[in-house]
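Containing mmCIF, C-alpha atoms: coords01.cif.
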data_input
#
loop_
_atom_site.group_PDB
_atom_site.id
_atom_site.type_symbol
_atom_site.label_atom_id
_atom_site.label_comp_id
_atom_site.auth_asym_id
_atom_site.auth_seq_id
_atom_site.Cartn_x
_atom_site.Cartn_y
_atom_site.Cartn_z
ATOM 1 C CA MET A 1 -4.860 9.331 9.951
ATOM 2 C CA TRP A 2 -3.140 11.234 12.747
ATOM 3 C CA GLU A 3 -4.686 8.971 15.360
ATOM 4 C CA VAL A 4 -3.213 5.892 13.671
ATOM 5 C CA ILE A 5 0.316 7.222 13.416
ATOM 6 C CA LEU A 6 0.441 7.768 17.157
ATOM 7 C CA TYR A 7 0.463 3.969 17.532
ATOM 8 C CA LEU A 8 3.436 3.477 15.229
ATOM 9 C CA ASN A 9 6.411 2.314 17.217
ATOM 10 C CA PRO A 10 9.068 -0.371 16.710
ATOM 11 C CA VAL A 11 6.827 -3.096 18.146
ATOM 12 C CA THR A 12 3.715 -2.301 16.072
ATOM 13 C CA VAL A 13 5.711 -1.774 12.873
ATOM 14 C CA SER A 14 7.647 -5.022 13.413
ATOM 15 C CA ALA A 15 4.429 -6.949 14.055
ATOM 16 C CA PHE A 16 2.863 -5.481 10.905
ATOM 17 C CA VAL A 17 5.918 -6.327 8.779
ATOM 18 C CA LEU A 18 6.045 -9.866 10.158
ATOM 19 C CA PHE A 19 2.326 -10.339 9.499
ATOM 20 C CA CYS A 20 2.688 -8.999 5.953
ATOM 21 C CA ALA A 21 5.684 -11.253 5.340
ATOM 22 C CA VAL A 22 3.975 -14.435 6.583
ATOM 23 C CA ILE A 23 0.508 -14.015 5.050
ATOM 24 C CA PRO A 24 1.672 -14.246 1.398
ATOM 25 C CA TRP A 25 3.462 -17.531 2.105
ATOM 26 C CA VAL A 26 0.309 -18.953 3.676
ATOM 27 C CA GLY A 27 -1.798 -17.608 0.821
ATOM 28 C CA ALA A 28 0.555 -18.992 -1.833
ATOM 29 C CA ALA A 29 0.643 -22.402 -0.135
ATOM 30 C CA LEU A 30 -3.153 -22.494 0.028
ATOM 31 C CA ALA A 31 -3.482 -21.195 -3.539
ATOM 32 C CA SER A 32 -1.444 -24.134 -4.829
ATOM 33 C CA ARG A 33 -3.934 -26.516 -3.190
ATOM 34 C CA THR A 34 -7.211 -24.661 -3.659
ATOM 35 C CA GLN A 35 -7.169 -22.805 -6.969
ATOM 36 C CA GLU A 36 -10.395 -20.797 -6.554
ATOM 37 C CA VAL A 37 -10.648 -19.999 -2.846
ATOM 38 C CA ILE A 38 -7.665 -17.657 -2.479
ATOM 39 C CA PRO A 39 -8.502 -15.362 -5.450
ATOM 40 C CA LYS A 40 -12.102 -15.034 -4.225
ATOM 41 C CA LEU A 41 -10.979 -14.286 -0.676
ATOM 42 C CA ALA A 42 -8.376 -11.843 -2.012
ATOM 43 C CA ARG A 43 -11.093 -9.998 -3.979
ATOM 44 C CA VAL A 44 -13.230 -9.582 -0.866
ATOM 45 C CA LEU A 45 -10.243 -8.409 1.174
ATOM 46 C CA LEU A 46 -9.212 -6.096 -1.683
ATOM 47 C CA VAL A 47 -12.584 -4.343 -1.536
ATOM 48 C CA LEU A 48 -12.179 -3.973 2.235
ATOM 49 C CA CYS A 49 -8.621 -2.674 1.787
ATOM 50 C CA LEU A 50 -9.759 -0.113 -0.807
ATOM 51 C CA ALA A 51 -12.556 1.031 1.532
ATOM 52 C CA ILE A 52 -10.045 1.552 4.345
ATOM 53 C CA ILE A 53 -7.740 3.484 2.002
ATOM 54 C CA TYR A 54 -10.698 5.616 0.876
ATOM 55 C CA PHE A 55 -11.714 6.497 4.434
ATOM 56 C CA ALA A 56 -8.121 7.163 5.497
ATOM 57 C CA THR A 57 -7.282 9.394 2.558
ATOM 58 C CA LEU A 58 -10.425 10.959 1.127
ATOM 59 C CA MET A 59 -12.764 11.611 4.018
ATOM 60 C CA PRO A 60 -12.999 15.401 4.274
ATOM 61 C CA THR A 61 -11.636 17.101 7.367
ATOM 62 C CA GLN A 62 -13.444 20.325 6.388
ATOM 63 C CA PRO A 63 -16.517 21.053 4.231
ATOM 64 C CA LEU A 64 -15.950 20.217 0.562
ATOM 65 C CA ASP A 65 -14.505 23.077 -1.481
ATOM 66 C CA SER A 66 -14.428 25.287 1.594
ATOM 67 C CA GLY A 67 -13.050 28.121 -0.494
ATOM 68 C CA GLY A 68 -9.761 28.178 1.354
ATOM 69 C CA PRO A 69 -6.407 27.902 -0.368
ATOM 70 C CA ARG A 70 -5.504 24.605 -1.996
ATOM 71 C CA TYR A 71 -2.248 23.114 -0.800
ATOM 72 C CA ILE A 72 0.098 20.962 -2.837
ATOM 73 C CA SER A 73 3.630 19.920 -1.994
ATOM 74 C CA TRP A 74 5.667 19.214 -5.140
ATOM 75 C CA VAL A 75 9.100 18.866 -3.527
ATOM 76 C CA PRO A 76 9.883 15.228 -2.647
ATOM 77 C CA GLY A 77 11.163 14.806 0.890
ATOM 78 C CA GLU A 78 10.462 18.406 1.827
ATOM 79 C CA GLY A 79 9.114 17.510 5.261
ATOM 80 C CA LEU A 80 11.394 14.519 5.762
ATOM 81 C CA TRP A 81 14.913 15.524 4.814
ATOM 82 C CA ASP A 82 14.663 19.285 4.737
ATOM 83 C CA ASN A 83 17.994 20.960 5.458
ATOM 84 C CA ASP A 84 16.283 23.600 7.550
ATOM 85 C CA LEU A 85 14.917 21.380 10.311
ATOM 86 C CA SER A 86 15.276 24.252 12.737
ATOM 87 C CA SER A 87 11.943 25.607 11.509
ATOM 88 C CA MET A 88 10.385 22.246 12.299
ATOM 89 C CA GLY A 89 10.600 20.979 15.831
ATOM 90 C CA ALA A 90 11.720 17.454 16.650
ATOM 91 C CA MET A 91 8.136 16.386 17.405
ATOM 92 C CA GLU A 92 6.831 17.687 14.060
ATOM 93 C CA HIS A 93 9.682 15.996 12.209
ATOM 94 C CA GLU A 94 8.959 12.699 13.960
ATOM 95 C CA MET A 95 5.245 13.007 13.126
ATOM 96 C CA SER A 96 6.119 13.676 9.483
ATOM 97 C CA LEU A 97 8.251 10.525 9.402
ATOM 98 C CA ARG A 98 5.487 8.518 11.048
ATOM 99 C CA LEU A 99 2.952 9.859 8.569
ATOM 100 C CA GLN A 100 5.018 8.679 5.605
ATOM 101 C CA LEU A 101 5.602 5.319 7.280
ATOM 102 C CA ALA A 102 1.834 5.005 7.719
ATOM 103 C CA ASN A 103 1.331 5.938 4.051
ATOM 104 C CA ALA A 104 3.666 3.145 2.986
ATOM 105 C CA MET A 105 2.155 0.626 5.408
ATOM 106 C CA MET A 106 -1.367 1.415 4.181
ATOM 107 C CA PHE A 107 -0.492 0.235 0.664
ATOM 108 C CA VAL A 108 1.446 -2.938 1.620
ATOM 109 C CA PRO A 109 -1.747 -5.035 1.965
ATOM 110 C CA LEU A 110 -2.995 -3.571 -1.328
ATOM 111 C CA GLY A 111 0.158 -4.759 -3.096
ATOM 112 C CA ILE A 112 -0.206 -8.212 -1.562
ATOM 113 C CA LEU A 113 -3.881 -8.555 -2.448
ATOM 114 C CA LEU A 114 -3.446 -7.339 -6.023
ATOM 115 C CA LEU A 115 -1.091 -10.247 -6.648
ATOM 116 C CA PHE A 116 -3.550 -12.773 -5.242
ATOM 117 C CA VAL A 117 -6.698 -11.711 -7.107
ATOM 118 C CA THR A 118 -5.531 -13.316 -10.352
ATOM 119 C CA ARG A 119 -3.966 -16.642 -11.183
ATOM 120 C CA GLN A 120 -1.067 -15.052 -13.054
ATOM 121 C CA PRO A 121 0.657 -12.549 -10.744
ATOM 122 C CA ARG A 122 2.143 -9.540 -12.512
ATOM 123 C CA LEU A 123 4.371 -7.359 -10.346
ATOM 124 C CA GLY A 124 4.532 -4.565 -12.921
ATOM 125 C CA ARG A 125 0.747 -4.338 -13.092
ATOM 126 C CA THR A 126 0.545 -4.200 -9.295
ATOM 127 C CA ILE A 127 3.056 -1.352 -9.159
ATOM 128 C CA ALA A 128 1.209 0.539 -11.901
ATOM 129 C CA ILE A 129 -2.131 0.150 -10.097
ATOM 130 C CA CYS A 130 -0.658 1.335 -6.780
ATOM 131 C CA LEU A 131 0.950 4.344 -8.467
ATOM 132 C CA ALA A 132 -2.232 5.239 -10.363
ATOM 133 C CA LEU A 133 -4.387 4.894 -7.239
ATOM 134 C CA SER A 134 -1.997 6.981 -5.174
ATOM 135 C CA VAL A 135 -1.795 9.775 -7.760
ATOM 136 C CA SER A 136 -5.601 9.677 -8.084
ATOM 137 C CA ILE A 137 -5.985 10.045 -4.325
ATOM 138 C CA GLU A 138 -3.674 13.063 -4.250
ATOM 139 C CA ALA A 139 -5.491 14.634 -7.219
ATOM 140 C CA ALA A 140 -8.849 14.046 -5.524
ATOM 141 C CA GLN A 141 -7.566 15.620 -2.303
ATOM 142 C CA TYR A 142 -6.503 18.682 -4.258
ATOM 143 C CA VAL A 143 -9.796 18.952 -6.161
ATOM 144 C CA MET A 144 -11.940 18.376 -3.052
ATOM 145 C CA ASN A 145 -10.181 21.183 -1.163
ATOM 146 C CA ALA A 146 -11.505 19.789 2.093
ATOM 147 C CA GLY A 147 -8.652 20.293 4.526
ATOM 148 C CA ARG A 148 -6.219 17.853 2.934
ATOM 149 C CA THR A 149 -2.867 18.598 1.356
ATOM 150 C CA ALA A 150 -1.870 16.965 -1.909
ATOM 151 C CA ASP A 151 1.705 15.815 -1.390
ATOM 152 C CA VAL A 152 4.105 14.124 -3.781
ATOM 153 C CA ASP A 153 5.648 12.315 -0.775
ATOM 154 C CA ASP A 154 2.301 10.656 -0.056
ATOM 155 C CA ALA A 155 2.171 9.322 -3.626
ATOM 156 C CA LEU A 156 5.780 8.124 -3.444
ATOM 157 C CA PHE A 157 5.403 6.375 -0.089
ATOM 158 C CA ASN A 158 2.042 4.854 -1.004
ATOM 159 C CA THR A 159 3.598 3.428 -4.153
ATOM 160 C CA LEU A 160 6.634 2.219 -2.211
ATOM 161 C CA GLY A 161 4.300 0.378 0.154
ATOM 162 C CA GLY A 162 2.508 -1.196 -2.818
ATOM 163 C CA ILE A 163 5.860 -2.294 -4.257
ATOM 164 C CA ILE A 164 6.886 -3.839 -0.931
ATOM 165 C CA GLY A 165 3.554 -5.659 -0.670
ATOM 166 C CA GLY A 166 3.797 -6.808 -4.278
ATOM 167 C CA VAL A 167 7.292 -8.204 -3.762
ATOM 168 C CA LEU A 168 6.232 -9.852 -0.481
ATOM 169 C CA ALA A 169 3.457 -11.649 -2.395
ATOM 170 C CA PHE A 170 5.287 -12.265 -5.672
ATOM 171 C CA VAL A 171 8.238 -14.150 -4.185
ATOM 172 C CA PRO A 172 6.264 -16.885 -2.369
ATOM 173 C CA ARG A 173 3.873 -17.313 -5.295
ATOM 174 C CA ARG A 174 6.823 -17.756 -7.657
ATOM 175 C CA VAL A 175 8.780 -20.054 -5.321
ATOM 176 C CA LEU A 176 5.837 -22.302 -4.460
ATOM 177 C CA ALA A 177 4.641 -22.409 -8.073
ATOM 178 C CA GLU A 178 8.071 -23.623 -9.202
ATOM 179 C CA ARG A 179 8.165 -26.258 -6.459
ATOM 180 C CA SER A 180 4.710 -27.585 -7.369
ATOM 181 C CA VAL A 181 5.731 -28.262 -10.986
ATOM 182 C CA GLU A 182 7.153 -31.749 -11.339
ATOM 183 C CA PRO A 183 10.140 -32.228 -13.644
ATOM 184 C CA GLY A 184 9.063 -33.322 -17.123
ATOM 185 C CA VAL A 185 5.400 -32.322 -16.577
ATOM 186 C CA LEU A 186 4.090 -29.073 -18.003
ATOM 187 C CA PRO A 187 1.907 -26.940 -15.767
ATOM 188 C CA LEU A 188 -1.767 -26.815 -16.699
ATOM 189 C CA ALA A 189 -1.474 -23.346 -18.246
ATOM 190 C CA ASP A 190 1.430 -24.431 -20.518
ATOM 191 C CA GLN A 191 -0.281 -27.501 -21.965
ATOM 192 C CA GLY A 192 -1.543 -26.865 -25.493
#

Could you take the file, read its structure, and then write that structure out as structure tokens?
Amino acid sequence: MWEVILYLNPVTVSAFVLFCAVIPWVGAALASRTQEVIPKLARVLLVLCLAIIYFATLMPTQPLDSGGPRYISWVPGEGLWDNDLSSMGAMEHEMSLRLQLANAMMFVPLGILLLFVTRQPRLGRTIAICLALSVSIEAAQYVMNAGRTADVDDALFNTLGGIIGGVLAFVPRRVLAERSVEPGVLPLADQG
């Protein structure tokens, strides 16, 4: 993960945000025309996204259960907004911020894809899945004891990224679905 965060800068983050903002509109427009293609494609991409998340978060950096101490950070924002930044140099603080930005960005595509795998998008379900997956990842990192630190900030920022992705996908699906319904005609799902 550290290698990836070195490439985070205003240009790469802006390009990622723009890409993630445009793709749901394209997907929602195509979904209104081709009912089956987008959910199938979203399922394939969801599997790929989950594989990337697995490799980024659960691949051991040391032998499994190496016998060393297990680390867990329960204090939200401890490395981000700590009052005692003098103990942390400017470079370490910047890397901590980049790490949390990367955690959020990693879950944005997950939030988008979760809303496209079904015909009826549910934002609450997407948020719950992102939260459950993020907490599961942190629990697995703690149990594995393989050089990773379980951190409440990781779970919070992962979930925040999932929420952002879910909202980015929910809005165009809702807007385009309302536009495709003609006045006086019930949508297919609402007809008896």

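The gap separating CA of Asn158 in chain A from CA of Thr126 in chain A is 12.4 Å, in Å to one decimal.
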
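Counting all atoms listed in the file, the residue from A:Leu115, A:Leu6, A:Ile53, A:Ala140 that sits nearest to Leu168 in chain A is A:Leu115.
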
query: Skipping near chain neighbours, those fewer than 4 positions away, what residues fall within 10 Å of Leu156 in chain A using only C-alpha atoms, listed as a count of residues only?
result: 14

With 8 Å added on each side, what axis-aligned box encloses every listed atom of range 46-51 of chain A? Give the centre and edge lengths in Å to one decimal, as lines of an AutoDock Vina configuration file.
center_x = -10.6
center_y = -2.5
center_z = 0.3
size_x = 20.0
size_y = 23.1
size_z = 19.9

task: Run the PyMOL selection byres ((chain A and resi 169) around 9) mentally over the shown coordinates, then write out the matched residues as a list in words, using the chain letters and numbers from the document.
output: Cys20, Ala21, Ile23, Pro24, Trp25, Gly27, Ala28, Gly111, Ile112, Leu113, Leu114, Leu115, Phe116, Pro121, Ile164, Gly165, Gly166, Val167, Leu168, Phe170, Val171, Pro172, Arg173 and Arg174 of chain A

field: Selection near Thr61 in chain A, 8 Å with only C-alpha atoms, sequence-local residues under 3 positions removed, as a VMD selection string
entry: chain A and resid 146 to 148

query: What gap, in Å, lies between CA of Thr12 in chain A and CA of Asp154 in chain A?
result: 20.7 Å

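The space separating CA of Arg119 in chain A from CA of Tyr54 in chain A comes to 26.2 Å.
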